[in-house]
Structure formats: structure tokens, C-alpha cells
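> Below is the file coords21.tsv, which contains TSV, N, CA and C atoms.
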chain	number	residue	atom	x	y	z
A	288	MET	N	37.03	170.94	97.21
A	288	MET	CA	37.24	170.73	95.80
A	288	MET	C	38.62	170.11	95.61
A	289	THR	N	38.68	169.08	94.80
A	289	THR	CA	39.93	168.39	94.54
A	289	THR	C	40.52	168.88	93.23
A	290	GLU	N	41.80	169.17	93.26
A	290	GLU	CA	42.48	169.62	92.05
A	290	GLU	C	42.84	168.40	91.23
A	291	VAL	N	42.52	168.46	89.96
A	291	VAL	CA	42.80	167.34	89.07
A	291	VAL	C	44.01	167.70	88.22
A	292	THR	N	44.97	166.81	88.22
A	292	THR	CA	46.15	167.00	87.40
A	292	THR	C	46.06	166.03	86.25
A	293	SER	N	46.11	166.53	85.05
A	293	SER	CA	46.01	165.63	83.91
A	293	SER	C	47.40	165.23	83.44
A	294	MET	N	47.48	164.00	83.06
A	294	MET	CA	48.72	163.48	82.51
A	294	MET	C	48.41	162.85	81.17
A	295	SER	N	49.22	163.10	80.22
A	295	SER	CA	49.02	162.53	78.90
A	295	SER	C	49.62	161.14	78.85
A	296	ALA	N	48.94	160.25	78.21
A	296	ALA	CA	49.44	158.89	78.03
A	296	ALA	C	49.80	158.63	76.58
A	297	LEU	N	50.02	159.69	75.84
A	297	LEU	CA	50.37	159.52	74.44
A	297	LEU	C	51.73	158.85	74.32
A	298	PRO	N	51.84	157.82	73.50
A	298	PRO	CA	53.10	157.08	73.42
A	298	PRO	C	54.25	157.87	72.82
A	299	HIS	N	53.95	158.91	72.04
A	299	HIS	CA	55.04	159.66	71.41
A	299	HIS	C	55.66	160.71	72.32
A	300	GLU	N	55.07	160.92	73.48
A	300	GLU	CA	55.62	161.92	74.39
A	300	GLU	C	56.69	161.28	75.26
A	301	THR	N	57.85	161.91	75.26
A	301	THR	CA	58.93	161.40	76.10
A	301	THR	C	58.99	162.25	77.36
A	302	PRO	N	59.37	161.66	78.47
A	302	PRO	CA	59.46	162.46	79.69
A	302	PRO	C	60.58	163.50	79.54
A	303	PRO	N	60.39	164.67	80.12
A	303	PRO	CA	61.43	165.69	80.00
A	303	PRO	C	62.72	165.25	80.68
A	304	ARG	N	63.82	165.56	80.03
A	304	ARG	CA	65.14	165.24	80.58
A	304	ARG	C	65.86	166.56	80.80
A	305	ALA	N	66.35	166.75	81.96
A	305	ALA	CA	67.08	167.98	82.24
A	305	ALA	C	68.50	167.83	81.70
A	306	TYR	N	68.97	168.86	81.07
A	306	TYR	CA	70.34	168.88	80.60
A	306	TYR	C	71.23	169.41	81.71
A	307	ALA	N	72.46	168.92	81.77
A	307	ALA	CA	73.38	169.31	82.83
A	307	ALA	C	73.67	170.81	82.77
A	308	ASN	N	73.77	171.34	81.56
A	308	ASN	CA	74.10	172.75	81.38
A	308	ASN	C	73.31	173.25	80.17
A	309	PRO	N	72.42	174.20	80.36
A	309	PRO	CA	71.60	174.64	79.22
A	309	PRO	C	72.40	175.37	78.14
A	310	TYR	N	73.66	175.67	78.41
A	310	TYR	CA	74.49	176.36	77.42
A	310	TYR	C	75.38	175.40	76.63
A	311	ARG	N	75.36	174.12	76.97
A	311	ARG	CA	76.23	173.16	76.29
A	311	ARG	C	75.52	171.82	76.25
A	312	LEU	N	75.47	171.21	75.09
A	312	LEU	CA	74.89	169.89	74.92
A	312	LEU	C	76.01	168.87	74.98
A	313	GLU	N	76.00	168.05	76.01
A	313	GLU	CA	77.04	167.04	76.18
A	313	GLU	C	76.72	165.82	75.32
A	314	ALA	N	77.73	165.02	75.02
A	314	ALA	CA	77.56	163.86	74.15
A	314	ALA	C	76.55	162.86	74.70
A	315	TRP	N	76.46	162.74	76.01
A	315	TRP	CA	75.55	161.75	76.62
A	315	TRP	C	74.12	162.25	76.74
A	316	GLU	N	73.88	163.50	76.39
A	316	GLU	CA	72.54	164.08	76.50
A	316	GLU	C	71.82	164.00	75.15
A	317	GLY	N	70.52	163.86	75.20
A	317	GLY	CA	69.73	163.82	73.98
A	317	GLY	C	69.77	162.46	73.32
A	318	PRO	N	69.31	162.38	72.07
A	318	PRO	CA	69.27	161.11	71.35
A	318	PRO	C	70.67	160.50	71.24
A	319	GLN	N	70.74	159.18	71.37
A	319	GLN	CA	72.03	158.50	71.35
A	319	GLN	C	72.23	157.60	70.13
A	320	THR	N	71.19	157.40	69.35
A	320	THR	CA	71.30	156.59	68.13
A	320	THR	C	70.62	157.34	66.99
A	321	LEU	N	70.91	156.92	65.77
A	321	LEU	CA	70.24	157.54	64.62
A	321	LEU	C	68.74	157.30	64.68
A	322	ALA	N	68.33	156.13	65.14
A	322	ALA	CA	66.89	155.84	65.25
A	322	ALA	C	66.23	156.79	66.24
A	323	GLU	N	66.87	157.01	67.40
A	323	GLU	CA	66.31	157.94	68.39
A	323	GLU	C	66.28	159.35	67.83
A	324	LEU	N	67.34	159.73	67.13
A	324	LEU	CA	67.43	161.06	66.55
A	324	LEU	C	66.31	161.29	65.53
A	325	ARG	N	66.11	160.32	64.66
A	325	ARG	CA	65.04	160.44	63.66
A	325	ARG	C	63.66	160.48	64.32
A	326	ALA	N	63.47	159.68	65.36
A	326	ALA	CA	62.18	159.66	66.06
A	326	ALA	C	61.88	161.02	66.69
A	327	GLU	N	62.88	161.63	67.32
A	327	GLU	CA	62.67	162.94	67.94
A	327	GLU	C	62.49	164.03	66.89
A	328	LEU	N	63.21	163.94	65.79
A	328	LEU	CA	63.01	164.90	64.70
A	328	LEU	C	61.60	164.77	64.13
A	329	ALA	N	61.10	163.55	64.03
A	329	ALA	CA	59.75	163.32	63.50
A	329	ALA	C	58.70	163.97	64.38
A	330	LEU	N	58.96	164.04	65.69
A	330	LEU	CA	58.03	164.71	66.59
A	330	LEU	C	58.00	166.22	66.34
A	331	LEU	N	59.13	166.77	65.89
A	331	LEU	CA	59.18	168.19	65.54
A	331	LEU	C	58.41	168.43	64.24
A	332	SER	N	58.76	167.62	63.24
A	332	SER	CA	58.12	167.76	61.92
A	332	SER	C	58.65	166.66	61.01
A	333	PRO	N	57.79	166.03	60.23
A	333	PRO	CA	58.28	165.05	59.26
A	333	PRO	C	59.28	165.66	58.28
A	334	ALA	N	59.11	166.93	57.98
A	334	ALA	CA	60.05	167.60	57.07
A	334	ALA	C	61.46	167.66	57.66
A	335	GLU	N	61.56	167.74	58.99
A	335	GLU	CA	62.88	167.76	59.62
A	335	GLU	C	63.60	166.44	59.40
A	336	VAL	N	62.87	165.33	59.42
A	336	VAL	CA	63.48	164.01	59.17
A	336	VAL	C	63.97	163.92	57.73
A	337	VAL	N	63.15	164.38	56.81
A	337	VAL	CA	63.53	164.35	55.39
A	337	VAL	C	64.78	165.20	55.17
A	338	ALA	N	64.81	166.38	55.74
A	338	ALA	CA	65.97	167.27	55.59
A	338	ALA	C	67.21	166.66	56.24
A	339	PHE	N	67.04	166.08	57.43
A	339	PHE	CA	68.17	165.44	58.12
A	339	PHE	C	68.73	164.30	57.27
A	340	ASN	N	67.85	163.43	56.77
A	340	ASN	CA	68.30	162.30	55.96
A	340	ASN	C	69.04	162.76	54.71
A	341	ALA	N	68.56	163.82	54.08
A	341	ALA	CA	69.22	164.35	52.88
A	341	ALA	C	70.61	164.88	53.22
A	342	ARG	N	70.71	165.64	54.33
A	342	ARG	CA	72.03	166.17	54.72
A	342	ARG	C	72.98	165.04	55.11
A	343	LEU	N	72.47	164.03	55.82
A	343	LEU	CA	73.31	162.91	56.23
A	343	LEU	C	73.77	162.11	55.03
A	344	ASP	N	72.87	161.87	54.07
A	344	ASP	CA	73.24	161.13	52.87
A	344	ASP	C	74.28	161.86	52.04
A	345	ALA	N	74.24	163.19	52.04
A	345	ALA	CA	75.17	163.99	51.24
A	345	ALA	C	76.53	164.18	51.92
A	346	ALA	N	76.58	163.95	53.23
A	346	ALA	CA	77.82	164.19	53.98
A	346	ALA	C	78.80	163.05	53.80
A	347	GLN	N	80.08	163.40	53.71
A	347	GLN	CA	81.12	162.39	53.66
A	347	GLN	C	81.32	161.80	55.05
A	348	PHE	N	81.83	160.58	55.10
A	348	PHE	CA	82.09	159.94	56.39
A	348	PHE	C	83.03	160.81	57.22
A	349	GLY	N	82.89	160.76	58.51
A	349	GLY	CA	83.79	161.47	59.41
A	349	GLY	C	83.19	162.76	59.93
A	350	ALA	N	83.98	163.81	59.88
A	350	ALA	CA	83.59	165.08	60.49
A	350	ALA	C	82.32	165.67	59.89
A	351	ALA	N	82.13	165.50	58.60
A	351	ALA	CA	80.93	166.06	57.96
A	351	ALA	C	79.67	165.39	58.49
A	352	GLN	N	79.69	164.07	58.65
A	352	GLN	CA	78.53	163.37	59.20
A	352	GLN	C	78.33	163.73	60.66
A	353	GLU	N	79.41	163.83	61.41
A	353	GLU	CA	79.31	164.22	62.82
A	353	GLU	C	78.67	165.60	62.95
A	354	ALA	N	78.99	166.51	62.05
A	354	ALA	CA	78.41	167.86	62.09
A	354	ALA	C	76.91	167.82	61.82
A	355	VAL	N	76.49	167.00	60.87
A	355	VAL	CA	75.06	166.88	60.56
A	355	VAL	C	74.31	166.34	61.77
A	356	ILE	N	74.87	165.32	62.40
A	356	ILE	CA	74.24	164.72	63.58
A	356	ILE	C	74.21	165.71	64.74
A	357	SER	N	75.31	166.41	64.97
A	357	SER	CA	75.36	167.40	66.05
A	357	SER	C	74.36	168.52	65.84
A	358	ASP	N	74.25	168.98	64.60
A	358	ASP	CA	73.29	170.04	64.29
A	358	ASP	C	71.86	169.59	64.60
A	359	ALA	N	71.54	168.35	64.24
A	359	ALA	CA	70.19	167.83	64.49
A	359	ALA	C	69.94	167.68	65.99
A	360	ARG	N	70.94	167.24	66.74
A	360	ARG	CA	70.78	167.10	68.19
A	360	ARG	C	70.56	168.46	68.85
A	361	ARG	N	71.29	169.47	68.38
A	361	ARG	CA	71.10	170.83	68.91
A	361	ARG	C	69.73	171.37	68.55
A	362	LEU	N	69.26	171.10	67.35
A	362	LEU	CA	67.93	171.54	66.93
A	362	LEU	C	66.86	170.98	67.86
A	363	ILE	N	66.97	169.70	68.17
A	363	ILE	CA	66.00	169.07	69.08
A	363	ILE	C	66.06	169.75	70.44
A	364	ALA	N	67.25	169.95	70.96
A	364	ALA	CA	67.39	170.59	72.28
A	364	ALA	C	66.81	172.00	72.27
A	365	LEU	N	67.12	172.76	71.22
A	365	LEU	CA	66.63	174.14	71.14
A	365	LEU	C	65.11	174.23	71.06
A	366	ARG	N	64.51	173.29	70.37
A	366	ARG	CA	63.06	173.35	70.18
A	366	ARG	C	62.24	172.67	71.27
A	367	THR	N	62.86	171.82	72.06
A	367	THR	CA	62.06	171.04	73.01
A	367	THR	C	62.37	171.29	74.48
A	368	ARG	N	63.49	171.88	74.80
A	368	ARG	CA	63.88	172.02	76.20
A	368	ARG	C	63.68	173.45	76.68
A	369	PRO	N	62.75	173.66	77.62
A	369	PRO	CA	62.48	175.02	78.11
A	369	PRO	C	63.70	175.68	78.75
A	370	GLU	N	64.53	174.90	79.45
A	370	GLU	CA	65.70	175.52	80.09
A	370	GLU	C	66.70	176.03	79.07
A	371	ILE	N	66.77	175.38	77.92
A	371	ILE	CA	67.67	175.85	76.86
A	371	ILE	C	67.07	177.08	76.18
A	372	GLN	N	65.78	177.06	75.95
A	372	GLN	CA	65.11	178.23	75.37
A	372	GLN	C	65.26	179.44	76.30
A	373	ALA	N	65.15	179.21	77.61
A	373	ALA	CA	65.32	180.31	78.58
A	373	ALA	C	66.76	180.81	78.57
A	374	ALA	N	67.72	179.91	78.45
A	374	ALA	CA	69.12	180.31	78.42
A	374	ALA	C	69.42	181.14	77.18
A	375	VAL	N	68.88	180.75	76.05
A	375	VAL	CA	69.08	181.51	74.81
A	375	VAL	C	68.44	182.89	74.94
A	376	ALA	N	67.22	182.92	75.46
A	376	ALA	CA	66.53	184.21	75.63
A	376	ALA	C	67.31	185.13	76.57
A	377	ALA	N	67.82	184.58	77.67
A	377	ALA	CA	68.60	185.39	78.61
A	377	ALA	C	69.88	185.91	77.97
A	378	SER	N	70.51	185.07	77.18
A	378	SER	CA	71.73	185.49	76.50
A	378	SER	C	71.45	186.60	75.50
A	379	LEU	N	70.38	186.45	74.71
A	379	LEU	CA	70.03	187.48	73.73
A	379	LEU	C	69.62	188.79	74.39
A	380	ALA	N	69.04	188.69	75.58
A	380	ALA	CA	68.61	189.90	76.30
A	380	ALA	C	69.76	190.54	77.08
A	381	GLY	N	70.93	189.92	77.04
A	381	GLY	CA	72.08	190.47	77.76
A	381	GLY	C	71.99	190.27	79.26
A	382	GLU	N	71.23	189.27	79.69
A	382	GLU	CA	71.05	189.03	81.11
A	382	GLU	C	72.02	188.00	81.68
A	383	THR	N	72.95	187.55	80.87
A	383	THR	CA	73.93	186.57	81.34
A	383	THR	C	75.32	187.20	81.29
A	384	THR	N	76.18	186.66	82.10
A	384	THR	CA	77.57	187.13	82.07
A	384	THR	C	78.39	186.16	81.23
A	385	THR	N	79.37	186.70	80.58
A	385	THR	CA	80.23	185.84	79.77
A	385	THR	C	81.33	185.25	80.64
A	386	ALA	N	81.79	184.10	80.25
A	386	ALA	CA	82.87	183.44	80.98
A	386	ALA	C	84.20	184.08	80.58
A	387	PRO	N	85.12	184.15	81.50
A	387	PRO	CA	86.44	184.69	81.15
A	387	PRO	C	87.13	183.81	80.11
A	388	VAL	N	87.95	184.40	79.30
A	388	VAL	CA	88.67	183.66	78.26
A	388	VAL	C	89.51	182.55	78.88
A	389	ALA	N	90.07	182.78	80.05
A	389	ALA	CA	90.88	181.77	80.72
A	389	ALA	C	90.07	180.49	80.98
A	390	ASP	N	88.78	180.66	81.32
A	390	ASP	CA	87.92	179.48	81.53
A	390	ASP	C	87.73	178.71	80.23
A	391	LEU	N	87.58	179.43	79.13
A	391	LEU	CA	87.43	178.78	77.84
A	391	LEU	C	88.67	177.97	77.50
A	392	TYR	N	89.85	178.58	77.66
A	392	TYR	CA	91.08	177.86	77.35
A	392	TYR	C	91.28	176.66	78.27
A	393	ALA	N	90.93	176.79	79.52
A	393	ALA	CA	91.04	175.66	80.45
A	393	ALA	C	90.13	174.52	80.01
A	394	PHE	N	88.92	174.86	79.59
A	394	PHE	CA	87.99	173.83	79.11
A	394	PHE	C	88.55	173.16	77.86
A	395	LEU	N	89.01	173.94	76.90
A	395	LEU	CA	89.54	173.37	75.65
A	395	LEU	C	90.76	172.49	75.92
A	396	GLU	N	91.62	172.92	76.83
A	396	GLU	CA	92.80	172.12	77.16
A	396	GLU	C	92.39	170.82	77.83
A	397	SER	N	91.36	170.84	78.65
A	397	SER	CA	90.90	169.61	79.31
A	397	SER	C	90.34	168.63	78.26
A	398	GLN	N	89.74	169.16	77.19
A	398	GLN	CA	89.21	168.30	76.14
A	398	GLN	C	90.34	167.64	75.37
A	399	GLU	N	91.45	168.36	75.19
A	399	GLU	CA	92.61	167.80	74.49
A	399	GLU	C	93.22	166.65	75.28
A	400	THR	N	93.26	166.77	76.59
A	400	THR	CA	93.86	165.71	77.42
A	400	THR	C	92.95	164.50	77.53
A	401	ASP	N	91.66	164.67	77.24
A	401	ASP	CA	90.73	163.55	77.31
A	401	ASP	C	90.82	162.66	76.08
A	402	ARG	N	91.44	163.13	75.05
A	402	ARG	CA	91.51	162.35	73.79
A	402	ARG	C	92.57	161.32	73.85
Could you express the structure from this file as C-alpha cells?


Amino acid sequence: MTEVTSMSALPHETPPRAYANPYRLEAWEGPQTLAELRAELALLSPAEVVAFNARLDAAQFGAAQEAVISDARRLIALRTRPEIQAAVAASLAGETTTAPVADLYAFLESQETDR
């Protein structure tokens, strides 16, 4: 008996992309343009696109718009990536260890030097 593996050829399905760290969404991960972001939100729900557009239209240029975009990118990652869903579940169940505060400060200081 031969095992049959089915593959979907639906054009709206994107191949899974592994994130470097399921606890942090890096700038290069996920949608990289507003068009890509809207397309991925539309796969979640048309209402998500409408809500995103309303929040983006209401946001002032700069940090407020960046926050709207970042929130939408995180929403996509949370709803579509199994490794991120598993990381959240492990964290909520207390199955993960927290990083020392010194590691946090070292990371934040490295971000300051990158600017």
C-alpha cells in the first residue's frame, strides 16, 4: 500500500516560514510591505483588514503608525505560526524559564548601539 500525501495548490496559501525566535518577531520576519500585510490579514479575516486600515488611517505619522503595523504583524504571527502558539502556551503554563535581567539590559544596550 502506498501512502498518499496531499498537497494543497490553493494560491492563497503561503509556505510556512520559521521564525528565528518564537518569542520575538524580528523586523525581517513576516510581511514586509503594507500590501503583504493586508493580504495576510485578509487570510485571517476580511474584518481584520478593515480594522487595520481604520487604525492605520487614524494614526499619526511616525511612532503611532509603526505601532499599528507592528501590532498587525504580531497578530499574524500569533494566529498563523504553530511555533509561536506553542511558545505562548508554554509560557502561560509556566514551562519556560525567564531570562536574567542582565540579558535584557545587554539586548537593549545592543539595540541602542545599532541605531

> Pick out each residue of stretch 300-340 of chain A that DSSP on the backbone tags as helix (DSSP H, G or I); I need them as a list in words.

Leu321, Ala322, Glu323, Leu324, Arg325, Ala326, Glu327, Leu328, Ala329, Leu330, Leu331, Pro333, Ala334, Glu335, Val336, Val337, Ala338, Phe339 and Asn340 of chain A

> Quick one, how far is atom CA of A:Ala376 from atom CA of A:Ala307?

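Interatomic distance here is 17.9 Å.
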
> Which value, in Å to one decimal, gives the distance between atom CA of A:Ile363 and atom CA of A:Arg325?

10.2 Å

> Quick one: residues within 8 Å of A:Arg342, all atoms listed in the file counted, chain neighbours fewer than 3 positions away excluded, as an NGL selection string?

:A and (336-339 or 345-347 or 351-352 or 355-356)

> Report the distance between atom N of A:Glu313 and atom C of A:Thr384 in Å, rounded to one decimal place.

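So the two atoms, atom N of A:Glu313 and atom C of A:Thr384, lie 19.0 Å apart.
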
> Please list as a PDB file with N, CA and C atoms, keeping the file's coordinate frame every residue within 8 Å of A:Ile371, counting all atoms listed in the file and excluding residues in the same chain fewer than 3 positions away.


ATOM      1  N   TYR A 306      68.970 168.860  81.070  1.00  0.00           N
ATOM      2  CA  TYR A 306      70.340 168.880  80.600  1.00  0.00           C
ATOM      3  C   TYR A 306      71.230 169.410  81.710  1.00  0.00           C
ATOM      4  N   ASN A 308      73.770 171.340  81.560  1.00  0.00           N
ATOM      5  CA  ASN A 308      74.100 172.750  81.380  1.00  0.00           C
ATOM      6  C   ASN A 308      73.310 173.250  80.170  1.00  0.00           C
ATOM      7  N   PRO A 309      72.420 174.200  80.360  1.00  0.00           N
ATOM      8  CA  PRO A 309      71.600 174.640  79.220  1.00  0.00           C
ATOM      9  C   PRO A 309      72.400 175.370  78.140  1.00  0.00           C
ATOM     10  N   TYR A 310      73.660 175.670  78.410  1.00  0.00           N
ATOM     11  CA  TYR A 310      74.490 176.360  77.420  1.00  0.00           C
ATOM     12  C   TYR A 310      75.380 175.400  76.630  1.00  0.00           C
ATOM     13  N   ARG A 311      75.360 174.120  76.970  1.00  0.00           N
ATOM     14  CA  ARG A 311      76.230 173.160  76.290  1.00  0.00           C
ATOM     15  C   ARG A 311      75.520 171.820  76.250  1.00  0.00           C
ATOM     16  N   ALA A 364      67.250 169.950  70.960  1.00  0.00           N
ATOM     17  CA  ALA A 364      67.390 170.590  72.280  1.00  0.00           C
ATOM     18  C   ALA A 364      66.810 172.000  72.270  1.00  0.00           C
ATOM     19  N   LEU A 365      67.120 172.760  71.220  1.00  0.00           N
ATOM     20  CA  LEU A 365      66.630 174.140  71.140  1.00  0.00           C
ATOM     21  C   LEU A 365      65.110 174.230  71.060  1.00  0.00           C
ATOM     22  N   ARG A 366      64.510 173.290  70.370  1.00  0.00           N
ATOM     23  CA  ARG A 366      63.060 173.350  70.180  1.00  0.00           C
ATOM     24  C   ARG A 366      62.240 172.670  71.270  1.00  0.00           C
ATOM     25  N   THR A 367      62.860 171.820  72.060  1.00  0.00           N
ATOM     26  CA  THR A 367      62.060 171.040  73.010  1.00  0.00           C
ATOM     27  C   THR A 367      62.370 171.290  74.480  1.00  0.00           C
ATOM     28  N   ARG A 368      63.490 171.880  74.800  1.00  0.00           N
ATOM     29  CA  ARG A 368      63.880 172.020  76.200  1.00  0.00           C
ATOM     30  C   ARG A 368      63.680 173.450  76.680  1.00  0.00           C
ATOM     31  N   ALA A 374      67.720 179.910  78.450  1.00  0.00           N
ATOM     32  CA  ALA A 374      69.120 180.310  78.420  1.00  0.00           C
ATOM     33  C   ALA A 374      69.420 181.140  77.180  1.00  0.00           C
ATOM     34  N   VAL A 375      68.880 180.750  76.050  1.00  0.00           N
ATOM     35  CA  VAL A 375      69.080 181.510  74.810  1.00  0.00           C
ATOM     36  C   VAL A 375      68.440 182.890  74.940  1.00  0.00           C
ATOM     37  N   ALA A 376      67.220 182.920  75.460  1.00  0.00           N
ATOM     38  CA  ALA A 376      66.530 184.210  75.630  1.00  0.00           C
ATOM     39  C   ALA A 376      67.310 185.130  76.570  1.00  0.00           C
ATOM     40  N   ALA A 377      67.820 184.580  77.670  1.00  0.00           N
ATOM     41  CA  ALA A 377      68.600 185.390  78.610  1.00  0.00           C
ATOM     42  C   ALA A 377      69.880 185.910  77.970  1.00  0.00           C
TER      43      ALA A 377
END
